[in-house]
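Shown below: entry_31.txt, with compact mmCIF, C-alpha atoms.
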```txt
# COMPACT_ATOMS: atom_id res chain seq x y z
CA MET N 1 159.69 298.34 90.50
CA THR N 2 161.53 298.95 93.76
CA ILE N 3 164.19 296.60 95.03
CA LEU N 4 161.78 295.30 97.66
CA GLN N 5 159.14 294.45 95.05
CA THR N 6 161.75 292.73 92.90
CA VAL N 7 162.92 290.58 95.79
CA VAL N 8 159.34 289.65 96.75
CA VAL N 9 158.38 288.69 93.20
CA TYR N 10 161.54 286.88 92.12
CA VAL N 11 162.64 285.35 95.46
CA GLY N 12 159.69 285.37 97.87
CA ILE N 13 157.04 283.90 95.57
CA PRO N 14 159.21 281.06 94.19
CA ALA N 15 160.37 280.21 97.72
CA ALA N 16 156.77 280.10 98.96
CA ALA N 17 155.76 277.91 96.04
CA LEU N 18 158.65 275.51 96.70
CA ALA N 19 157.81 275.36 100.42
CA ALA N 20 154.16 274.55 99.64
CA LEU N 21 155.21 271.82 97.20
CA ALA N 22 157.66 270.33 99.71
CA ALA N 23 154.96 270.30 102.40
CA VAL N 24 152.54 268.48 100.11
CA ILE N 25 155.17 265.85 99.28
CA LEU N 26 156.82 265.35 102.67
CA LEU N 27 154.00 265.66 105.21
CA PRO N 28 152.05 262.48 104.26
CA GLY N 29 155.30 260.49 104.36
CA ARG N 30 156.08 261.76 107.82
CA ARG N 31 152.68 260.61 109.03
CA ARG N 32 153.18 257.15 107.52
CA SER N 33 156.49 256.69 109.28
CA ALA N 34 154.62 255.96 112.52
CA ARG N 35 153.54 252.59 111.13
CA TYR N 36 154.84 249.19 112.17
CA ARG N 37 158.30 248.28 110.96
CA PRO N 38 159.63 244.73 111.34
CA GLY N 39 162.24 244.47 114.05
CA ARG N 40 161.06 247.50 115.99
CA SER N 41 159.48 247.08 119.39
CA TRP N 42 155.69 247.09 119.70
CA ASP N 43 154.71 249.51 122.45
CA PHE N 44 150.94 249.60 121.95
CA ALA N 45 148.45 248.13 124.38
CA PRO N 46 146.94 244.84 123.18
CA VAL N 47 143.73 245.24 121.19
CA TRP N 48 141.16 242.60 120.40
CA TYR N 49 138.61 243.10 117.66
CA ARG N 50 135.67 240.80 118.13
CA PRO N 51 131.91 240.86 117.53
CA VAL N 52 129.85 243.05 119.81
CA THR N 53 127.28 240.35 120.46
CA ASP N 54 129.74 237.84 121.87
CA PRO N 55 129.03 236.82 125.45
CA VAL N 56 132.43 237.85 126.75
CA THR N 57 132.01 240.92 128.89
CA SER N 58 135.13 240.79 130.97
CA ARG N 59 138.11 242.90 130.03
CA GLY N 60 141.62 241.58 130.10
CA GLU N 61 142.70 238.20 131.32
CA PRO N 62 140.29 236.20 133.46
CA ALA N 63 140.72 236.58 137.17
CA PRO N 64 143.07 233.99 138.69
CA GLY N 65 141.16 231.29 140.49
CA GLY N 66 138.12 231.64 138.27
CA PRO N 67 136.83 228.72 136.22
CA ALA N 68 139.00 227.96 133.23
CA PRO N 69 137.10 228.38 129.94
CA VAL N 70 136.40 225.17 128.04
CA SER N 71 138.56 224.95 124.94
CA ALA N 72 136.84 224.31 121.62
CA VAL N 73 139.94 224.53 119.47
CA GLY N 74 139.73 222.55 116.24
CA GLY N 75 142.89 223.56 114.43
CA GLY N 76 144.89 226.49 113.17
CA ALA N 77 148.28 227.52 111.95
CA HIS N 78 151.43 229.18 113.17
CA GLY N 79 153.51 231.73 111.35
CA SER N 80 156.51 233.94 112.01
CA TRP N 81 158.41 236.54 110.04
CA MET K 1 133.29 256.78 120.11
CA GLY K 2 134.98 255.85 123.36
CA ALA K 3 138.66 255.11 123.71
CA GLY K 4 139.44 251.62 122.47
CA ASP K 5 136.04 251.14 120.88
CA LEU K 6 135.61 250.46 117.21
CA VAL K 7 132.04 250.99 116.14
CA SER K 8 130.95 249.37 112.94
CA ARG K 9 129.67 251.61 110.20
CA TYR K 10 127.09 248.97 109.46
CA GLY K 11 125.69 248.83 112.96
CA GLY K 12 124.92 245.16 112.41
CA GLU K 13 124.87 242.37 114.91
CA VAL K 14 128.46 241.48 114.23
CA ALA K 15 129.77 245.00 114.57
CA ALA K 16 133.32 244.67 115.75
CA ARG K 17 134.81 246.43 118.66
CA ALA K 18 138.23 246.79 120.12
CA VAL K 19 138.67 245.49 123.60
CA ALA K 20 141.79 246.65 125.31
CA SER K 21 143.28 243.93 127.44
CA GLY K 22 144.44 245.16 130.79
CA PRO K 23 143.39 248.10 132.90
CA GLY K 24 146.06 250.50 131.75
CA ALA K 25 145.14 250.65 128.09
CA SER K 26 147.07 253.53 126.58
CA PRO K 27 145.31 255.86 124.15
CA PRO K 28 147.74 255.57 121.22
CA ARG K 29 146.47 252.95 118.84
CA PRO K 30 148.46 250.97 116.30
CA PHE K 31 146.14 251.60 113.35
CA THR K 32 144.92 254.72 111.60
CA ALA K 33 141.21 255.48 111.37
CA ARG K 34 141.14 254.35 107.76
CA GLN K 35 142.85 251.05 108.62
CA LEU K 36 140.39 250.49 111.48
CA ASP K 37 137.54 251.13 109.06
CA ARG K 38 138.88 248.51 106.67
CA LEU K 39 139.43 246.00 109.47
CA ASP K 40 135.94 246.62 110.79
CA GLU K 41 134.41 246.27 107.36
CA VAL K 42 136.20 243.03 106.53
CA LEU K 43 135.43 241.48 109.94
CA THR K 44 131.77 242.43 109.65
CA THR K 45 131.22 241.30 106.08
CA CYS K 46 133.21 238.07 106.41
CA SER K 47 131.50 237.11 109.66
CA ARG K 48 128.09 237.81 108.15
CA ARG K 49 128.76 235.96 104.92
CA THR K 50 130.28 232.84 106.43
CA GLY K 51 128.33 232.61 109.68
CA LEU K 52 131.64 232.21 111.49
CA VAL K 53 133.06 234.61 114.05
CA PHE K 54 136.23 236.30 112.87
CA SER K 55 138.30 237.97 115.54
CA ILE K 56 141.67 239.72 115.51
CA TYR K 57 144.02 240.14 118.47
CA VAL K 58 147.06 242.37 118.11
CA GLY K 59 149.42 242.42 121.07
CA ALA K 60 152.04 240.52 122.97
CA LEU K 61 151.55 236.77 123.39
CA GLU K 62 152.95 234.87 126.34
CA GLU K 63 155.21 231.90 125.67
CA PRO K 64 154.23 229.39 124.51
CA THR K 65 152.32 231.58 122.08
CA ARG K 66 150.13 228.74 120.82
CA GLU K 67 148.70 228.10 124.27
CA HIS K 68 148.09 231.79 124.87
CA ALA K 69 146.23 232.03 121.55
CA GLU K 70 144.10 229.03 122.50
CA ARG K 71 143.28 230.61 125.86
CA LEU K 72 142.16 233.78 124.07
CA HIS K 73 140.12 231.67 121.69
CA ALA K 74 138.40 229.89 124.58
CA ARG K 75 137.37 233.27 125.97
CA LEU K 76 135.09 233.79 123.00
CA GLY K 77 132.68 231.71 125.04
CA ASP K 78 129.67 229.98 123.47
CA ARG K 79 130.75 230.97 119.97
CA ALA K 80 134.30 229.64 120.32
CA ALA K 81 133.44 226.55 118.25
CA GLU K 82 132.67 228.67 115.20
CA ALA K 83 135.27 231.32 115.92
CA VAL K 84 138.44 232.03 113.98
CA LEU K 85 140.99 233.97 116.01
CA ILE K 86 143.94 235.62 114.33
CA ALA K 87 146.44 236.53 117.05
CA VAL K 88 149.39 238.64 115.97
CA SER K 89 152.31 239.72 118.11
CA PRO K 90 154.27 242.25 116.03
CA GLY K 91 156.91 242.59 118.75
CA GLN K 92 157.65 238.85 118.74
CA ARG K 93 156.93 238.54 115.00
CA VAL K 94 154.56 235.67 115.66
CA LEU K 95 151.17 234.89 114.15
CA GLU K 96 148.76 232.27 115.50
CA ILE K 97 145.55 231.34 113.71
CA THR K 98 143.16 229.36 115.91
CA THR K 99 139.96 227.82 114.57
CA GLY K 100 137.11 226.41 116.63
CA CYS K 101 136.10 222.78 116.18
CA HIS K 102 133.16 223.75 113.94
CA ALA K 103 135.13 226.36 112.01
CA ALA K 104 137.94 223.84 111.44
CA THR K 105 135.58 221.65 109.39
CA ARG K 106 135.15 224.52 106.95
CA ILE K 107 138.66 225.96 107.10
CA PRO K 108 141.20 223.11 107.12
CA ASP K 109 144.62 223.61 108.67
CA ARG K 110 146.20 223.65 105.23
CA SER K 111 144.17 226.74 104.29
CA CYS K 112 145.09 228.34 107.61
CA ALA K 113 148.76 227.71 106.87
CA LEU K 114 148.38 229.27 103.42
CA ALA K 115 146.68 232.34 104.89
CA ALA K 116 149.37 232.53 107.59
CA LEU K 117 152.08 232.42 104.93
CA SER K 118 150.42 235.22 102.98
CA MET K 119 149.93 237.32 106.08
CA THR K 120 153.47 236.93 107.41
CA ALA K 121 154.85 237.87 103.98
CA THR K 122 152.84 241.10 104.14
CA PHE K 123 153.76 241.72 107.78
CA ALA K 124 157.45 241.37 106.93
CA LEU K 125 157.04 244.36 104.61
CA GLY K 126 155.57 246.38 107.47
CA ASN K 127 151.97 246.25 106.22
CA LEU K 128 150.18 245.03 109.33
CA ALA K 129 146.64 246.15 108.55
CA SER K 130 146.54 245.06 104.92
CA GLY K 131 148.01 241.68 105.87
CA LEU K 132 145.24 241.17 108.40
CA VAL K 133 142.55 242.27 105.93
CA ASP K 134 143.83 239.93 103.23
CA GLY K 135 144.20 237.06 105.70
CA VAL K 136 140.63 237.36 106.94
CA ARG K 137 139.40 237.48 103.34
CA MET K 138 141.37 234.34 102.43
CA LEU K 139 140.00 232.43 105.41
CA ALA K 140 136.46 233.61 104.69
CA ASP K 141 136.73 232.64 101.03
CA GLN K 142 137.82 229.18 102.09
CA ALA K 143 134.90 228.87 104.50
CA GLY K 144 132.35 229.80 101.82
CA ARG K 145 128.87 231.01 102.52
CA ALA K 146 126.84 230.09 105.56
CA GLY K 147 124.33 227.40 105.00
```
Target encoding structure tokens, full file:
Amino acid sequence: MTILQTVVVYVGIPAAALAALAAVILLPGRRRSARYRPGRSWDFAPVWYRPVTDPVTSRGEPAPGGPAPVSAVGGGAHGSW
Amino acid sequence: MGAGDLVSRYGGEVAARAVASGPGASPPRPFTARQLDRLDEVLTTCSRRTGLVFSIYVGALEEPTREHAERLHARLGDRAAEAVLIAVSPGQRVLEITTGCHAATRIPDRSCALAALSMTATFALGNLASGLVDGVRMLADQAGRAG
């Protein structure tokens, strides 16, 4: 076995195996780090998930000067963390 | 699937969608595709089972946050009376649950407070999506089946 073959087998292959293992372990964690963390600012645009069949078709806040929607609030709760 | 739209896998009448508030809605979204799937599924199944309208708003709330949440709730229109709006502002660390006058007869304020407590505990750990999913499930369990 030449010196080059020895280096490839005993150094190159273990290094490649270690790099593959490290990628498998570290890459998912890096993707998760984009999640919300308490105390950090929230830079995303507001999103509102609501049923498709609801009659609201306007996007965003109602135009100023338009008729104010009638409130049908019955209760609720407040929380903070 | 268009930007900002969340199409239900069930294609039912209560398929949820994301409505970006404001004209300059930026493409980056706060949830992964898998989290959106879970949110969509729980909103769809809970709305169907209870006959109520569950809705989630995630974004900044103007002060006073309670009044802003009630304004959002009123914008649900004809179905506001049976709507349950969960408004979360992660930046302000505030959660507002608003129930319509019909929904409030099935989900008392005490149950809302319990769900809010559970959700804020999960939010404080950084788990926004799972807190929302669990909160909707708690409220739906309290409401029971439609009928």
Spatial sel., origin (131.9, 229.2, 101.7), limit 10 Å, all atoms listed in the file, listed as a list in words
Arg49, Thr50, Gly51, Arg106, Ile107, Leu139, Ala140, Asp141, Gln142, Ala143, Gly144, Arg145, Ala146 and Gly147 of chain K
Considering all atoms listed in the file, return as an mmCIF file with C-alpha atoms, keeping the file's coordinate frame whatever protein or nucleic-acid residues lie within 8 Å of segment 74-89 of chain K, sequence-local ones (same chain, fewer than 2 positions apart) excluded.
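Dumped to around-v9.cif:
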```
data_model
loop_
_atom_site.group_PDB
_atom_site.id
_atom_site.type_symbol
_atom_site.label_atom_id
_atom_site.label_comp_id
_atom_site.auth_asym_id
_atom_site.auth_seq_id
_atom_site.Cartn_x
_atom_site.Cartn_y
_atom_site.Cartn_z
ATOM 1 C CA ASP N 54 129.740 237.840 121.870
ATOM 2 C CA PRO N 55 129.030 236.820 125.450
ATOM 3 C CA VAL N 56 132.430 237.850 126.750
ATOM 4 C CA PRO N 69 137.100 228.380 129.940
ATOM 5 C CA VAL N 70 136.400 225.170 128.040
ATOM 6 C CA SER N 71 138.560 224.950 124.940
ATOM 7 C CA ALA N 72 136.840 224.310 121.620
ATOM 8 C CA VAL N 73 139.940 224.530 119.470
ATOM 9 C CA GLY N 74 139.730 222.550 116.240
ATOM 10 C CA LEU K 52 131.640 232.210 111.490
ATOM 11 C CA VAL K 53 133.060 234.610 114.050
ATOM 12 C CA PHE K 54 136.230 236.300 112.870
ATOM 13 C CA SER K 55 138.300 237.970 115.540
ATOM 14 C CA ILE K 56 141.670 239.720 115.510
ATOM 15 C CA TYR K 57 144.020 240.140 118.470
ATOM 16 C CA VAL K 58 147.060 242.370 118.110
ATOM 17 C CA GLY K 59 149.420 242.420 121.070
ATOM 18 C CA ALA K 60 152.040 240.520 122.970
ATOM 19 C CA LEU K 61 151.550 236.770 123.390
ATOM 20 C CA ALA K 69 146.230 232.030 121.550
ATOM 21 C CA GLU K 70 144.100 229.030 122.500
ATOM 22 C CA ARG K 71 143.280 230.610 125.860
ATOM 23 C CA LEU K 72 142.160 233.780 124.070
ATOM 24 C CA GLY K 91 156.910 242.590 118.750
ATOM 25 C CA GLN K 92 157.650 238.850 118.740
ATOM 26 C CA ARG K 93 156.930 238.540 115.000
ATOM 27 C CA VAL K 94 154.560 235.670 115.660
ATOM 28 C CA LEU K 95 151.170 234.890 114.150
ATOM 29 C CA GLU K 96 148.760 232.270 115.500
ATOM 30 C CA ILE K 97 145.550 231.340 113.710
ATOM 31 C CA THR K 98 143.160 229.360 115.910
ATOM 32 C CA THR K 99 139.960 227.820 114.570
ATOM 33 C CA GLY K 100 137.110 226.410 116.630
ATOM 34 C CA CYS K 101 136.100 222.780 116.180
ATOM 35 C CA HIS K 102 133.160 223.750 113.940
ATOM 36 C CA ALA K 103 135.130 226.360 112.010
#
```
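For the pair atom CA of Glu41 of chain K and atom CA of Val47 of chain N, the interatomic distance is 16.7 Å.
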Quick one: residues within 9 Å of Ala121 of chain K, all atoms listed in the file counted, chain neighbours fewer than 5 positions away excluded, as a count of residues only?
3
When you draw a straight line from atom CA of Cys112 of chain K to atom CA of Gly76 of chain N, how long is it in Å?
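Separation between atom CA of Cys112 of chain K and atom CA of Gly76 of chain N: 5.9 Å.
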I'd like the interatomic distance between atom CA of Arg37 of chain N and atom CA of Leu21 of chain N, to a tenth of an Å.
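So the two atoms, atom CA of Arg37 of chain N and atom CA of Leu21 of chain N, lie 27.4 Å apart.
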Let me have the centre and edge lengths in Å, one decimal, of the box along x, y and z around every listed atom of segment 12-15 of chain N with 4 Å of margin on each side, as JSON.
```
{"center_x": 158.7, "center_y": 282.8, "center_z": 96.0, "size_x": 11.3, "size_y": 13.2, "size_z": 11.7}
```
Leaving out Pro38 of chain N and any residue of its chain fewer than 5 positions from it, which residues lie within 8 Å of it when counting only C-alpha atoms, given as a list in words?
Pro90, Arg93, Phe123, Ala124, Leu125 and Gly126 of chain K
Could you please take those selected residues and save C-alpha atoms as a PDB file, in the frame of the given file?
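This is the output file part.pdb:
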```pdb
ATOM      1  CA  PRO K  90     154.270 242.250 116.030  1.00  0.00           C
ATOM      2  CA  ARG K  93     156.930 238.540 115.000  1.00  0.00           C
ATOM      3  CA  PHE K 123     153.760 241.720 107.780  1.00  0.00           C
ATOM      4  CA  ALA K 124     157.450 241.370 106.930  1.00  0.00           C
ATOM      5  CA  LEU K 125     157.040 244.360 104.610  1.00  0.00           C
ATOM      6  CA  GLY K 126     155.570 246.380 107.470  1.00  0.00           C
TER       7      GLY K 126
END
```
Taking the partial coordinates given, rebuild segment 83-109 of chain K to contain N, CA and C atoms; return it as a short mmCIF file (atom, residue, chain, number, x, y, z; two decimals), in the frame of the given file.
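Result file is rebuild39.cif:
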```
data_model
loop_
_atom_site.label_atom_id
_atom_site.label_comp_id
_atom_site.auth_asym_id
_atom_site.auth_seq_id
_atom_site.Cartn_x
_atom_site.Cartn_y
_atom_site.Cartn_z
N ALA K 83 134.45 230.12 115.96
CA ALA K 83 135.27 231.32 115.92
C ALA K 83 136.62 231.05 115.24
N VAL K 84 137.10 232.06 114.57
CA VAL K 84 138.44 232.03 113.98
C VAL K 84 139.21 233.21 114.57
N LEU K 85 140.21 232.90 115.37
CA LEU K 85 140.99 233.97 116.01
C LEU K 85 142.34 234.11 115.32
N ILE K 86 142.62 235.32 114.90
CA ILE K 86 143.94 235.62 114.33
C ILE K 86 144.68 236.45 115.36
N ALA K 87 145.67 235.84 116.00
CA ALA K 87 146.44 236.53 117.05
C ALA K 87 147.81 236.89 116.49
N VAL K 88 148.12 238.16 116.52
CA VAL K 88 149.39 238.64 115.97
C VAL K 88 150.17 239.35 117.07
N SER K 89 151.43 239.00 117.21
CA SER K 89 152.31 239.72 118.11
C SER K 89 153.43 240.35 117.28
N PRO K 90 153.27 241.62 116.90
CA PRO K 90 154.27 242.25 116.03
C PRO K 90 155.64 242.33 116.71
N GLY K 91 155.64 242.49 118.05
CA GLY K 91 156.91 242.59 118.75
C GLY K 91 157.70 241.29 118.68
N GLN K 92 156.98 240.17 118.78
CA GLN K 92 157.65 238.85 118.74
C GLN K 92 157.71 238.30 117.31
N ARG K 93 157.04 238.98 116.39
CA ARG K 93 156.93 238.54 115.00
C ARG K 93 156.33 237.14 114.93
N VAL K 94 155.22 236.98 115.62
CA VAL K 94 154.56 235.67 115.66
C VAL K 94 153.10 235.85 115.28
N LEU K 95 152.58 234.90 114.52
CA LEU K 95 151.17 234.89 114.15
C LEU K 95 150.59 233.53 114.52
N GLU K 96 149.44 233.53 115.17
CA GLU K 96 148.76 232.27 115.50
C GLU K 96 147.33 232.36 115.01
N ILE K 97 146.94 231.44 114.14
CA ILE K 97 145.55 231.34 113.71
C ILE K 97 144.93 230.17 114.46
N THR K 98 143.82 230.41 115.14
CA THR K 98 143.16 229.36 115.91
C THR K 98 141.72 229.24 115.43
N THR K 99 141.33 228.04 115.02
CA THR K 99 139.96 227.82 114.57
C THR K 99 139.23 226.96 115.59
N GLY K 100 137.94 227.24 115.76
CA GLY K 100 137.11 226.41 116.63
C GLY K 100 136.81 225.08 115.98
N CYS K 101 136.27 224.13 116.74
CA CYS K 101 136.10 222.78 116.18
C CYS K 101 135.10 222.77 115.02
N HIS K 102 134.09 223.67 115.06
CA HIS K 102 133.16 223.75 113.94
C HIS K 102 133.81 224.49 112.76
N ALA K 103 134.48 225.58 113.07
CA ALA K 103 135.13 226.36 112.01
C ALA K 103 136.20 225.54 111.30
N ALA K 104 136.85 224.63 112.03
CA ALA K 104 137.94 223.84 111.44
C ALA K 104 137.43 222.89 110.37
N THR K 105 136.12 222.52 110.44
CA THR K 105 135.58 221.65 109.39
C THR K 105 135.42 222.41 108.08
N ARG K 106 135.31 223.72 108.17
CA ARG K 106 135.15 224.52 106.95
C ARG K 106 136.45 225.18 106.51
N ILE K 107 137.35 225.39 107.44
CA ILE K 107 138.66 225.96 107.10
C ILE K 107 139.72 224.98 107.57
N PRO K 108 140.19 224.09 106.69
CA PRO K 108 141.20 223.11 107.12
C PRO K 108 142.53 223.78 107.47
N ASP K 109 143.33 223.05 108.21
CA ASP K 109 144.62 223.61 108.67
C ASP K 109 145.50 224.03 107.50
#
```
